[in-house]
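Colleague: Take a look at run14.cif, mmCIF, C-alpha atoms:
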```
data_upload
loop_
_atom_site.label_atom_id
_atom_site.label_comp_id
_atom_site.auth_asym_id
_atom_site.auth_seq_id
_atom_site.Cartn_x
_atom_site.Cartn_y
_atom_site.Cartn_z
CA MET A 284 -22.67 -39.00 16.69
CA ASP A 285 -22.00 -37.79 20.24
CA ASN A 286 -18.83 -35.95 21.24
CA LEU A 287 -17.18 -38.98 22.84
CA THR A 288 -17.67 -41.13 19.75
CA PHE A 289 -16.46 -38.27 17.59
CA GLY A 290 -13.36 -37.73 19.73
CA LEU A 291 -12.47 -41.40 19.92
CA SER A 292 -13.01 -41.93 16.18
CA LEU A 293 -10.87 -38.92 15.35
CA THR A 294 -8.15 -40.08 17.75
CA VAL A 295 -8.05 -43.62 16.38
CA VAL A 296 -8.19 -42.63 12.71
CA GLY A 297 -6.05 -39.51 13.17
CA MET A 298 -3.25 -41.06 15.21
CA GLY A 299 -3.38 -44.32 13.26
CA GLY A 300 -3.36 -42.39 9.99
CA THR A 301 -0.42 -40.25 11.08
CA LEU A 302 1.63 -43.26 12.20
CA LEU A 303 0.81 -45.23 9.09
CA SER A 304 1.54 -42.31 6.72
CA LEU A 305 4.88 -41.63 8.34
CA TYR A 306 5.77 -45.31 8.31
CA VAL A 307 5.03 -45.45 4.57
CA LEU A 308 7.06 -42.27 4.13
CA SER A 309 10.01 -43.81 5.98
CA LEU A 310 9.87 -46.80 3.61
CA PHE A 311 9.98 -44.46 0.63
CA MET A 312 12.90 -42.61 2.22
CA ASN A 313 14.77 -45.91 2.48
CA LEU A 314 13.92 -46.65 -1.14
CA LEU A 315 15.24 -43.23 -2.22
CA LYS A 316 18.49 -43.91 -0.39
CA LYS A 317 18.82 -47.26 -2.13
CA LEU A 318 18.01 -45.87 -5.57
CA PHE A 319 20.39 -42.93 -5.22
CA PRO A 320 23.16 -44.08 -2.90
CA PHE A 321 25.74 -41.70 -1.55
CA LYS A 322 28.96 -41.73 -3.56
CA LYS A 323 31.75 -39.66 -2.13
CA GLU A 324 33.41 -39.03 -5.50
CA ASN A 325 30.18 -37.81 -7.13
CA GLU A 326 29.44 -35.40 -4.29
CA GLU A 327 32.98 -34.00 -4.43
CA LYS A 328 32.70 -33.52 -8.21
CA GLU A 329 29.40 -31.69 -7.80
CA LYS A 330 30.87 -29.45 -5.14
CA LYS A 331 33.84 -28.58 -7.34
CA SER A 332 31.67 -27.82 -10.36
CA MET B 208 -14.55 29.85 22.12
CA ILE B 209 -14.32 28.58 25.68
CA GLU B 210 -16.82 25.90 24.77
CA ALA B 211 -14.65 24.87 21.82
CA ILE B 212 -11.61 24.67 24.09
CA ILE B 213 -13.55 22.56 26.61
CA ASN B 214 -14.75 20.26 23.83
CA GLY B 215 -11.21 20.01 22.52
CA LEU B 216 -9.90 19.15 25.96
CA TYR B 217 -12.71 16.60 26.35
CA GLY B 218 -11.47 14.98 23.14
CA LEU B 219 -8.12 14.44 24.85
CA THR B 220 -9.74 12.56 27.72
CA THR B 221 -11.89 10.12 25.74
CA GLY B 222 -9.23 7.42 25.84
CA PHE B 223 -9.20 7.56 29.65
CA ILE B 224 -12.99 7.66 29.82
CA HIS B 225 -13.48 4.61 27.62
CA ILE B 226 -10.77 2.40 29.07
CA SER B 227 -12.08 -0.56 31.02
CA LEU B 228 -10.57 -3.12 33.41
CA PRO B 229 -10.21 -5.87 30.77
CA ASN B 230 -8.25 -3.45 28.57
CA VAL B 231 -5.94 -2.55 31.45
CA VAL B 232 -5.40 -6.21 32.32
CA MET B 233 -4.62 -7.08 28.72
CA MET B 234 -2.18 -4.16 28.43
CA GLY B 235 -0.50 -5.73 31.47
CA VAL B 236 -0.48 -9.11 29.71
CA GLY B 237 1.00 -7.45 26.61
CA CYS B 238 3.72 -5.87 28.76
CA LEU B 239 4.36 -9.25 30.40
CA LEU B 240 4.86 -10.82 26.96
CA LEU B 241 7.21 -7.98 26.06
CA TYR B 242 9.13 -8.61 29.29
CA LEU B 243 9.34 -12.36 28.61
CA GLY B 244 10.52 -11.74 25.07
CA ILE B 245 12.98 -8.93 25.78
CA LYS B 246 14.37 -9.79 29.23
CA LYS B 247 13.96 -13.56 29.36
CA GLY B 248 14.53 -14.31 25.68
CA PHE B 249 11.41 -16.49 25.30
CA GLU B 250 10.68 -16.61 21.54
CA PRO B 251 11.41 -12.85 21.26
CA LEU B 252 10.77 -12.74 17.52
CA LEU B 253 7.13 -13.53 18.20
CA LEU B 254 6.44 -12.47 21.75
CA VAL B 255 7.64 -8.90 21.17
CA PRO B 256 5.26 -8.16 18.25
CA ILE B 257 2.47 -10.17 19.93
CA GLY B 258 2.92 -8.26 23.19
CA PHE B 259 2.97 -4.91 21.43
CA GLY B 260 -0.06 -5.87 19.35
CA ALA B 261 -1.90 -6.71 22.59
CA VAL B 262 -1.04 -3.30 24.02
CA LEU B 263 -2.09 -1.51 20.82
CA VAL B 264 -5.47 -3.20 20.46
CA ASN B 265 -6.43 -2.48 24.06
CA ILE B 266 -6.05 1.27 23.75
CA PRO B 267 -9.68 2.42 23.41
CA LEU B 268 -10.87 4.17 20.27
CA GLY B 269 -7.62 3.47 18.41
CA GLY B 270 -9.70 1.65 15.81
CA LEU B 271 -6.82 -0.58 14.78
CA MET B 272 -9.01 -3.66 14.55
CA GLU B 273 -12.07 -1.83 13.21
CA GLU B 274 -12.92 -2.35 9.55
CA GLY B 275 -10.32 -0.33 7.63
CA GLY B 276 -7.93 -0.19 10.61
CA ILE B 277 -4.34 -1.11 9.88
CA LEU B 278 -4.24 -4.26 12.01
CA ARG B 279 -7.61 -5.43 10.65
CA THR B 280 -6.21 -4.95 7.14
CA PHE B 281 -3.13 -7.04 7.98
CA TYR B 282 -5.35 -9.62 9.68
CA ASN B 283 -7.71 -9.93 6.74
CA ALA B 284 -4.87 -10.07 4.25
CA GLY B 285 -2.62 -12.51 6.05
CA ILE B 286 -4.45 -14.53 8.68
CA ARG B 287 -7.90 -14.94 7.17
CA THR B 288 -6.35 -15.98 3.90
CA GLU B 289 -3.84 -18.22 5.81
CA MET B 290 -1.04 -16.56 3.87
CA PHE B 291 1.17 -15.65 6.86
CA PRO B 292 1.51 -19.09 8.47
CA LEU B 293 2.08 -20.62 5.05
CA LEU B 294 4.81 -18.13 4.15
CA ILE B 295 6.45 -18.81 7.51
CA PHE B 296 6.49 -22.46 6.52
CA VAL B 297 8.49 -21.68 3.37
CA GLY B 298 11.09 -20.07 5.63
CA ILE B 299 11.08 -23.00 8.06
CA GLY B 300 11.57 -25.43 5.17
CA ALA B 301 14.48 -23.36 3.89
CA MET B 302 16.09 -23.43 7.34
CA THR B 303 15.59 -27.14 8.02
CA ASP B 304 18.13 -29.85 7.24
CA PHE B 305 16.38 -33.18 6.85
CA GLY B 306 19.78 -34.91 6.43
CA PRO B 307 19.87 -36.51 9.93
CA LEU B 308 16.35 -37.85 9.37
CA LEU B 309 17.26 -39.27 5.97
CA GLU B 310 20.28 -40.96 7.54
CA ASN B 311 17.95 -42.99 9.74
CA PRO B 312 14.39 -42.90 8.31
CA LYS B 313 12.88 -45.12 11.00
CA ILE B 314 13.17 -42.32 13.57
CA LEU B 315 10.46 -40.56 11.59
CA LEU B 316 8.11 -42.70 13.66
CA LEU B 317 9.20 -40.77 16.75
CA GLY B 318 7.86 -37.70 14.99
CA ALA B 319 4.50 -39.48 14.71
CA ALA B 320 4.47 -40.57 18.36
CA GLY B 321 5.22 -37.01 19.41
CA GLN B 322 1.81 -35.96 18.06
CA PHE B 323 -0.19 -38.19 20.38
CA GLY B 324 -0.85 -35.26 22.70
CA ILE B 325 -2.88 -33.55 19.96
CA PHE B 326 -5.53 -36.23 20.00
CA LEU B 327 -5.64 -36.82 23.75
CA THR B 328 -5.97 -33.08 24.35
CA LEU B 329 -8.74 -32.94 21.79
CA LEU B 330 -10.59 -35.59 23.82
CA LEU B 331 -10.03 -33.60 27.02
CA ALA B 332 -11.27 -30.39 25.38
CA LEU B 333 -14.42 -32.17 24.22
CA ALA B 334 -14.94 -33.51 27.74
CA LEU B 335 -14.66 -29.95 29.08
CA GLY B 336 -17.48 -28.85 26.81
CA PHE B 337 -15.65 -27.16 23.94
CA SER B 338 -17.27 -27.44 20.53
CA ARG B 339 -15.73 -29.92 18.09
CA LEU B 340 -13.87 -27.38 16.01
CA ASP B 341 -12.68 -25.51 19.11
CA ALA B 342 -11.38 -28.80 20.49
CA VAL B 343 -9.52 -29.45 17.24
CA ALA B 344 -7.86 -26.01 17.40
CA ILE B 345 -6.89 -26.54 21.05
CA GLY B 346 -5.55 -30.04 20.36
CA VAL B 347 -3.28 -28.67 17.65
CA ILE B 348 -1.31 -26.76 20.32
CA GLY B 349 0.12 -30.24 20.93
CA ALA B 350 1.69 -30.10 17.50
CA CYS B 351 4.16 -27.75 19.19
CA ASP B 352 4.21 -25.93 15.91
CA GLY B 353 3.14 -22.27 15.85
CA PRO B 354 2.25 -21.88 12.16
CA THR B 355 0.21 -25.12 12.14
CA ALA B 356 -1.69 -24.03 15.26
CA ILE B 357 -2.36 -20.62 13.69
CA TYR B 358 -3.38 -22.17 10.38
CA VAL B 359 -5.92 -24.51 11.98
CA SER B 360 -7.34 -22.10 14.57
CA SER B 361 -7.63 -19.17 12.15
CA GLN B 362 -9.62 -21.38 9.82
CA TYR B 363 -11.85 -23.26 12.23
CA ALA B 364 -11.86 -21.40 15.57
CA PRO B 365 -10.83 -17.80 14.86
CA HIS B 366 -12.14 -16.61 18.25
CA LEU B 367 -9.47 -18.80 19.90
CA LEU B 368 -6.65 -17.67 17.62
CA GLY B 369 -4.98 -15.38 20.19
CA ALA B 370 -5.12 -17.88 23.04
CA VAL B 371 -4.05 -20.85 20.89
CA SER B 372 -1.15 -18.99 19.26
CA VAL B 373 0.19 -17.47 22.47
CA ALA B 374 -0.11 -20.83 24.24
CA ALA B 375 1.64 -22.65 21.37
CA TYR B 376 4.57 -20.24 21.21
CA SER B 377 4.88 -19.88 24.99
CA TYR B 378 5.01 -23.61 25.58
CA MET B 379 7.42 -24.08 22.68
CA SER B 380 9.80 -21.69 24.37
CA LEU B 381 9.29 -23.53 27.68
CA VAL B 382 10.21 -26.93 26.21
CA PRO B 383 13.62 -26.90 27.99
CA ILE B 384 11.77 -26.53 31.30
CA ILE B 385 8.74 -28.76 30.64
CA GLN B 386 10.44 -31.80 29.08
CA PRO B 387 13.43 -32.79 31.28
CA PRO B 388 11.47 -33.85 34.40
CA ILE B 389 9.18 -36.01 32.25
CA MET B 390 12.15 -37.52 30.41
CA ARG B 391 13.90 -38.36 33.68
CA PHE B 392 10.74 -39.79 35.21
CA LEU B 393 10.08 -42.14 32.31
CA THR B 394 13.60 -43.45 31.69
CA THR B 395 16.11 -45.37 33.75
CA GLU B 396 19.68 -44.13 34.19
CA ARG B 397 20.87 -47.06 32.10
CA GLU B 398 18.59 -46.03 29.23
CA ARG B 399 19.74 -42.43 29.41
CA LYS B 400 23.35 -43.59 29.06
CA ILE B 401 22.76 -45.50 25.80
CA MET B 402 25.16 -44.29 23.13
CA MET B 403 23.90 -44.14 19.56
CA GLY B 404 27.16 -43.64 17.73
CA VAL B 405 28.09 -41.03 15.17
CA VAL B 406 25.63 -40.08 12.41
CA GLY B 407 27.36 -40.84 9.15
CA LYS B 408 27.04 -38.94 5.89
CA SER B 409 25.33 -41.39 3.63
CA VAL B 410 22.63 -39.33 1.92
CA SER B 411 23.21 -38.28 -1.66
CA LYS B 412 22.37 -34.85 -3.02
CA THR B 413 19.79 -36.43 -5.37
CA THR B 414 18.00 -38.02 -2.40
CA LYS B 415 17.92 -34.70 -0.59
CA ILE B 416 16.45 -32.98 -3.66
CA LEU B 417 13.88 -35.70 -4.34
CA PHE B 418 12.83 -35.95 -0.68
CA PRO B 419 10.69 -32.76 -0.52
CA ILE B 420 9.03 -33.60 -3.83
CA LEU B 421 8.25 -37.14 -2.70
CA VAL B 422 6.92 -35.99 0.68
CA THR B 423 4.66 -33.39 -0.92
CA ILE B 424 3.13 -35.83 -3.40
CA LEU B 425 2.79 -38.76 -1.01
CA THR B 426 1.40 -36.87 1.98
CA GLY B 427 -0.75 -34.76 -0.33
CA LEU B 428 -2.38 -37.86 -1.75
CA ILE B 429 -2.96 -39.31 1.74
CA ALA B 430 -4.26 -36.11 3.34
CA PRO B 431 -5.10 -33.49 0.71
CA MET B 432 -6.21 -30.94 3.32
CA GLY B 433 -2.60 -30.66 4.41
CA VAL B 434 -1.18 -29.83 0.99
CA PRO B 435 -0.88 -26.08 1.72
CA LEU B 436 1.08 -26.75 4.92
CA MET B 437 3.29 -29.59 3.74
CA GLY B 438 3.66 -28.08 0.27
CA MET B 439 5.04 -24.81 1.61
CA ILE B 440 7.51 -26.38 4.06
CA MET B 441 8.75 -28.71 1.35
CA LEU B 442 8.97 -25.89 -1.21
CA GLY B 443 11.29 -24.07 1.19
CA ASN B 444 13.36 -27.22 1.65
CA LEU B 445 13.57 -27.85 -2.09
CA LEU B 446 14.83 -24.28 -2.62
CA LYS B 447 17.55 -24.98 -0.07
CA GLU B 448 18.57 -28.42 -1.29
CA CYS B 449 18.50 -27.86 -5.04
CA GLY B 450 21.29 -25.34 -4.66
CA VAL B 451 20.45 -23.29 -7.76
CA VAL B 452 18.20 -20.63 -6.22
CA SER B 453 20.29 -19.33 -3.36
CA ARG B 454 18.68 -15.88 -3.67
CA LEU B 455 15.22 -17.36 -3.14
CA THR B 456 16.49 -19.52 -0.27
CA LYS B 457 18.03 -16.52 1.45
CA ALA B 458 14.90 -14.44 0.86
CA SER B 459 12.72 -17.22 2.29
CA GLU B 460 14.76 -17.70 5.44
CA ASN B 461 15.51 -14.01 5.99
CA GLU B 462 13.46 -11.23 4.43
CA ILE B 463 10.18 -13.09 3.88
CA ALA B 464 10.33 -14.94 7.20
CA ASN B 465 11.21 -11.75 9.08
CA ILE B 466 8.52 -9.57 7.53
CA VAL B 467 5.85 -12.22 7.92
CA THR B 468 6.89 -12.98 11.51
CA LEU B 469 6.47 -9.31 12.39
CA LEU B 470 3.05 -9.02 10.74
CA LEU B 471 1.90 -12.39 12.06
CA GLY B 472 2.94 -11.52 15.60
CA ILE B 473 1.24 -8.16 15.62
CA CYS B 474 -1.94 -9.65 14.14
CA ILE B 475 -2.04 -12.34 16.84
CA GLY B 476 -1.57 -9.66 19.47
CA ALA B 477 -4.41 -7.75 17.86
CA THR B 478 -6.80 -10.63 18.59
CA MET B 479 -6.15 -10.19 22.32
CA GLU B 480 -8.70 -7.45 22.97
CA GLY B 481 -9.60 -7.53 26.67
CA HIS B 482 -13.33 -8.21 26.48
CA ALA B 483 -12.87 -11.04 23.98
CA PHE B 484 -9.75 -12.56 25.52
CA LEU B 485 -10.40 -12.48 29.27
CA ARG B 486 -12.68 -15.46 29.61
CA SER B 487 -12.45 -18.71 31.50
CA GLN B 488 -12.14 -20.39 28.09
CA THR B 489 -8.76 -18.75 27.56
CA LEU B 490 -7.39 -20.13 30.82
CA MET B 491 -8.66 -23.57 29.87
CA VAL B 492 -6.90 -23.28 26.49
CA PHE B 493 -3.63 -22.52 28.28
CA GLY B 494 -4.13 -25.44 30.69
CA LEU B 495 -4.98 -27.85 27.89
CA GLY B 496 -2.02 -26.63 25.83
CA PHE B 497 0.30 -27.43 28.70
CA ILE B 498 -1.19 -30.91 29.04
CA ALA B 499 -0.81 -31.42 25.27
CA ILE B 500 2.92 -30.73 25.33
CA CYS B 501 3.41 -32.99 28.38
CA LEU B 502 1.47 -35.80 26.68
CA ASP B 503 3.53 -35.38 23.50
CA THR B 504 6.70 -35.81 25.53
CA VAL B 505 5.33 -38.84 27.36
CA ALA B 506 4.26 -40.49 24.10
CA GLY B 507 7.57 -39.67 22.40
CA VAL B 508 9.69 -41.10 25.22
CA MET B 509 7.51 -44.20 25.56
CA PHE B 510 7.76 -44.81 21.82
CA GLY B 511 11.51 -44.31 22.12
CA LYS B 512 11.52 -47.04 24.78
CA LEU B 513 9.59 -49.31 22.46
CA MET B 514 12.06 -48.65 19.66
CA LYS B 515 14.91 -49.35 22.08
CA VAL B 516 13.45 -52.79 22.70
CA LEU B 517 12.78 -53.46 19.01
CA THR B 518 16.31 -52.40 17.99
CA ARG B 519 17.86 -54.32 20.89
CA GLY B 520 19.10 -51.28 22.74
CA LYS B 521 20.36 -49.21 19.81
CA ILE B 522 17.98 -46.29 20.39
CA ASN B 523 18.27 -43.98 23.38
CA PRO B 524 14.65 -43.27 24.47
CA LEU B 525 15.59 -39.66 25.29
CA ILE B 526 15.53 -38.80 21.59
CA GLY B 527 11.82 -39.71 21.62
CA ALA B 528 11.16 -36.43 23.43
CA ALA B 529 12.57 -34.63 20.40
CA GLY B 530 9.76 -36.07 18.27
CA ILE B 531 7.80 -32.85 18.77
CA SER B 532 8.02 -29.97 16.35
CA ALA B 533 9.79 -27.42 18.58
CA TYR B 534 12.90 -27.23 16.41
CA PRO B 535 15.72 -27.28 17.42
CA MET B 536 15.00 -26.79 21.14
CA ALA B 537 13.65 -30.29 21.71
CA ALA B 538 16.74 -31.84 20.07
CA ARG B 539 19.02 -29.74 22.27
CA VAL B 540 17.11 -30.85 25.37
CA ALA B 541 17.68 -34.52 24.45
CA GLN B 542 21.40 -33.83 23.88
CA VAL B 543 21.78 -32.03 27.22
CA GLN B 544 19.93 -34.73 29.13
CA GLY B 545 21.97 -37.49 27.45
CA GLN B 546 25.25 -35.79 28.27
CA LYS B 547 24.24 -35.27 31.88
CA TYR B 548 24.40 -39.02 32.40
CA ASN B 549 27.14 -39.90 29.93
CA ARG B 550 29.58 -37.15 29.01
CA LYS B 551 30.71 -39.01 25.91
CA ASN B 552 27.19 -39.32 24.57
CA TYR B 553 26.39 -37.21 21.50
CA LEU B 554 22.70 -37.58 20.78
CA LEU B 555 22.29 -34.24 19.02
CA MET B 556 22.22 -35.39 15.40
CA HIS B 557 19.96 -38.35 16.21
CA ALA B 558 17.68 -36.01 18.14
CA MET B 559 17.76 -33.54 15.23
CA GLY B 560 16.52 -36.38 13.03
CA ALA B 561 13.65 -37.06 15.42
CA ASN B 562 12.99 -33.32 15.69
CA THR B 563 12.72 -32.79 11.94
CA GLY B 564 10.56 -35.93 11.93
CA GLY B 565 8.43 -34.10 14.49
CA GLN B 566 8.08 -31.17 12.08
CA ILE B 567 6.81 -33.47 9.36
CA GLY B 568 4.75 -35.38 11.95
CA SER B 569 3.01 -32.29 13.28
CA VAL B 570 2.02 -31.10 9.82
CA MET B 571 0.96 -34.62 8.88
CA ALA B 572 -1.12 -35.01 12.05
CA ALA B 573 -2.91 -31.73 11.34
CA ALA B 574 -3.39 -32.72 7.70
CA VAL B 575 -4.76 -36.14 8.60
CA MET B 576 -7.05 -34.62 11.21
CA LEU B 577 -8.44 -32.03 8.78
CA SER B 578 -8.90 -34.64 6.06
CA VAL B 579 -10.70 -36.97 8.50
CA LEU B 580 -12.92 -34.07 9.62
CA ARG B 581 -13.77 -33.35 6.01
CA GLY B 582 -14.48 -37.04 5.49
CA MET B 583 -16.84 -36.92 8.48
CA GLY B 584 -18.56 -33.88 6.94
CA ILE B 585 -17.67 -31.62 9.88
CA ILE B 586 -15.71 -29.08 7.87
#
```
Please go through the file and, once you have read it, give me the structure as structure tokens.

Modeller:
Amino acid sequence: MDNLTFGLSLTVVGMGGTLLSLYVLSLFMNLLKKLFPFKKENEEKEKKS
Amino acid sequence: MIEAIINGLYGLTTGFIHISLPNVVMMGVGCLLLYLGIKKGFEPLLLVPIGFGAVLVNIPLGGLMEEGGILRTFYNAGIRTEMFPLLIFVGIGAMTDFGPLLENPKILLLGAAGQFGIFLTLLLALALGFSRLDAVAIGVIGACDGPTAIYVSSQYAPHLLGAVSVAAYSYMSLVPIIQPPIMRFLTTERERKIMMGVVGKSVSKTTKILFPILVTILTGLIAPMGVPLMGMIMLGNLLKECGVVSRLTKASENEIANIVTLLLGICIGATMEGHAFLRSQTLMVFGLGFIAICLDTVAGVMFGKLMKVLTRGKINPLIGAAGISAYPMAARVAQVQGQKYNRKNYLLMHAMGANTGGQIGSVMAAAVMLSVLRGMGII
């Protein structure tokens, strides 16, 4: 594999992989927010305790 | 007796006899870094120890970087083993609030776009004749993330460690100068005036605690080579968010971070010995590092523009420039630029979200790159 092929392959897989991983991560972050929604009362109780 | 006195006096002149032009030049560079850190306030926590380390290592016959010398001992213990950059990451994690990012998870994608410069710079470095691993280390300057750059270069291109680290930290401190012209060039006045509203407080404590654990597991499974980096930053964040280990959190963000920053800085400075550092390669590393940061900004802003279109004008493209890892400078730059064109515009928290996304993005990009390289059998 020559340097150009290597560089292009790494760029495509690397950048694509980074974008895809972070997209998946953002979906999981949304899921976390839905599973454990913010409740003002709960947070206040925790702070007091 | 006279002979003994002459020999003794000769011993006092050996430093002057052995000093060479590269050493003198590098002492000047060390003093310049000290000046930039002390007088200009450019990343003083790092540039001061780096500058002093550069002065120290260029004094002939000091033996600081010889086997058994104090700086060599620090170097072997902390840089070769990758311990210092990883410990710094614990501190960074403990200092970072991922709340604004969790409020609006889609801006994490800006943190991915902000890493584009890494890969384009890698291509440029290869075109300029650098070896593959050298090109990888140079590209990582575009992560705009000192510890990641140190981690990768110390492992795969240790001879470039000094140049890569100094370039990474210098350009990080120059973000407020480098980014604004690019941001203005790529956006219209109307785009710069877009208001994004107030960031609410809709993230529960449980989400904030589970977030670092989830990120570590998920990113670790995707790119195992990045587990040390991501694991440490997320450990620091978990310590902060769980709220039950305040002593450890404080130690991570203060004592540990301070001690390691000092040792890391002086070790980087110690790699700047004149004969090894003063090469055309070093200048090329600095040039490519600059291009990397510019390309990151371009990619971030362009992705911000794309998101503006997709969200029907709800995203101000300026926050795309904050998708790099220079935290929190890049976020502040976006805020300042936004307010220049609309005084009522408060982009800071949105930009902070993109900026913390950039921190995750830079580590992820490095992790993905290392994992792909391992997959290709190159490392």

Colleague: List as a tab-separated table every residue of chain B that is in contact with chain A, defined as an atom at most 7 Å from one of its atoms (using all atoms listed in the file), together with the nearest atom pair and the distance in Å rounded to one decimal, sorted by chain and then rising number.

Modeller:
```
residue	atom	partner	partner_atom	distance
B:Leu309	CA	A:Met312	CA	6.7
B:Pro312	CA	A:Ser309	CA	5.0
B:Lys313	CA	A:Ser309	CA	5.9
B:Leu315	CA	A:Ser309	CA	6.5
B:Leu316	CA	A:Leu305	CA	6.3
B:Ala319	CA	A:Leu302	CA	5.4
B:Phe323	CA	A:Met298	CA	6.7
B:Phe326	CA	A:Thr294	CA	5.2
B:Leu329	CA	A:Gly290	CA	7.0
B:Leu330	CA	A:Gly290	CA	5.4
B:Leu333	CA	A:Asn286	CA	6.5
B:Ser409	CA	A:Phe321	CA	5.2
B:Val410	CA	A:Phe321	CA	5.2
B:Ser411	CA	A:Phe321	CA	4.3
B:Thr413	CA	A:Phe319	CA	6.5
B:Thr414	CA	A:Leu315	CA	5.9
B:Met571	CA	A:Thr301	CA	6.2
B:Ala572	CA	A:Thr301	CA	5.4
B:Val575	CA	A:Gly297	CA	5.8
B:Met576	CA	A:Gly297	CA	5.4
```

Colleague: Go ahead and compute the interatomic distance for atom CA of B:Gly276 and atom CA of B:Leu367, in Å to one decimal.

Modeller: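 Result for atom CA of B:Gly276 versus atom CA of B:Leu367: 20.9 Å, one decimal.
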
Colleague: The PyMOL selection byres ((chain B and resi 345) around 10) on the file shown: which residues, as a ChimeraX atom specification?

Modeller: /B:325-326,328-329,331-333,337,339-344,346-350,356,359-360,364,367-368,370-372,374-375,491-493,495-496,499

Colleague: Between atom CA of B:Pro354 and atom CA of B:Val297, what distance in Å does the model show, to one decimal?

Modeller: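 Going from atom CA of B:Pro354 over to atom CA of B:Val297 covers 10.8 Å.
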
Colleague: Report the residues retrieved by the PyMOL selection byres ((chain B and resi 557) around 12) from the displayed file, expressed as a CSV table (one decimal) with C-alpha atoms, in the frame of the given file.

Modeller:
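Once everything was written out, this is part.csv:
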```csv
chain,number,residue,atom,x,y,z
B,305,PHE,CA,16.4,-33.2,6.8
B,306,GLY,CA,19.8,-34.9,6.4
B,307,PRO,CA,19.9,-36.5,9.9
B,308,LEU,CA,16.4,-37.8,9.4
B,309,LEU,CA,17.3,-39.3,6.0
B,310,GLU,CA,20.3,-41.0,7.5
B,311,ASN,CA,18.0,-43.0,9.7
B,312,PRO,CA,14.4,-42.9,8.3
B,313,LYS,CA,12.9,-45.1,11.0
B,314,ILE,CA,13.2,-42.3,13.6
B,315,LEU,CA,10.5,-40.6,11.6
B,317,LEU,CA,9.2,-40.8,16.8
B,402,MET,CA,25.2,-44.3,23.1
B,403,MET,CA,23.9,-44.1,19.6
B,404,GLY,CA,27.2,-43.6,17.7
B,405,VAL,CA,28.1,-41.0,15.2
B,406,VAL,CA,25.6,-40.1,12.4
B,407,GLY,CA,27.4,-40.8,9.2
B,511,GLY,CA,11.5,-44.3,22.1
B,521,LYS,CA,20.4,-49.2,19.8
B,522,ILE,CA,18.0,-46.3,20.4
B,523,ASN,CA,18.3,-44.0,23.4
B,524,PRO,CA,14.6,-43.3,24.5
B,525,LEU,CA,15.6,-39.7,25.3
B,526,ILE,CA,15.5,-38.8,21.6
B,527,GLY,CA,11.8,-39.7,21.6
B,528,ALA,CA,11.2,-36.4,23.4
B,529,ALA,CA,12.6,-34.6,20.4
B,530,GLY,CA,9.8,-36.1,18.3
B,535,PRO,CA,15.7,-27.3,17.4
B,537,ALA,CA,13.6,-30.3,21.7
B,538,ALA,CA,16.7,-31.8,20.1
B,539,ARG,CA,19.0,-29.7,22.3
B,541,ALA,CA,17.7,-34.5,24.4
B,542,GLN,CA,21.4,-33.8,23.9
B,545,GLY,CA,22.0,-37.5,27.4
B,552,ASN,CA,27.2,-39.3,24.6
B,553,TYR,CA,26.4,-37.2,21.5
B,554,LEU,CA,22.7,-37.6,20.8
B,555,LEU,CA,22.3,-34.2,19.0
B,556,MET,CA,22.2,-35.4,15.4
B,558,ALA,CA,17.7,-36.0,18.1
B,559,MET,CA,17.8,-33.5,15.2
B,560,GLY,CA,16.5,-36.4,13.0
B,561,ALA,CA,13.6,-37.1,15.4
B,562,ASN,CA,13.0,-33.3,15.7
B,563,THR,CA,12.7,-32.8,11.9
B,564,GLY,CA,10.6,-35.9,11.9
```

Colleague: Could you please determine the separation between atom CA of B:Leu469 and atom CA of B:Ser380 in Å, to one decimal place?

Modeller: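 Those two atoms sit 17.5 Å apart.
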
Colleague: When distances are computed from all atoms listed in the file, which of B:Lys408, B:Val570, B:Leu219, B:Leu239 shows the smallest separation from B:Thr423?

Modeller: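 Nearest to B:Thr423: B:Val570.
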
Colleague: Mind telling me what the PyMOL selection byres ((chain B and resi 480-489) around 8) catches here, as a list in words?

Modeller: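 Checked against the file, the PyMOL selection byres ((chain B and resi 480-489) around 8) matches Pro229, Asn230, Val231, Val232, Met233, Ala261, Val264, Asn265, Leu367, Gly369, Ala370, Ala477, Thr478, Met479, Leu490, Met491, Val492 and Phe493 of chain B.
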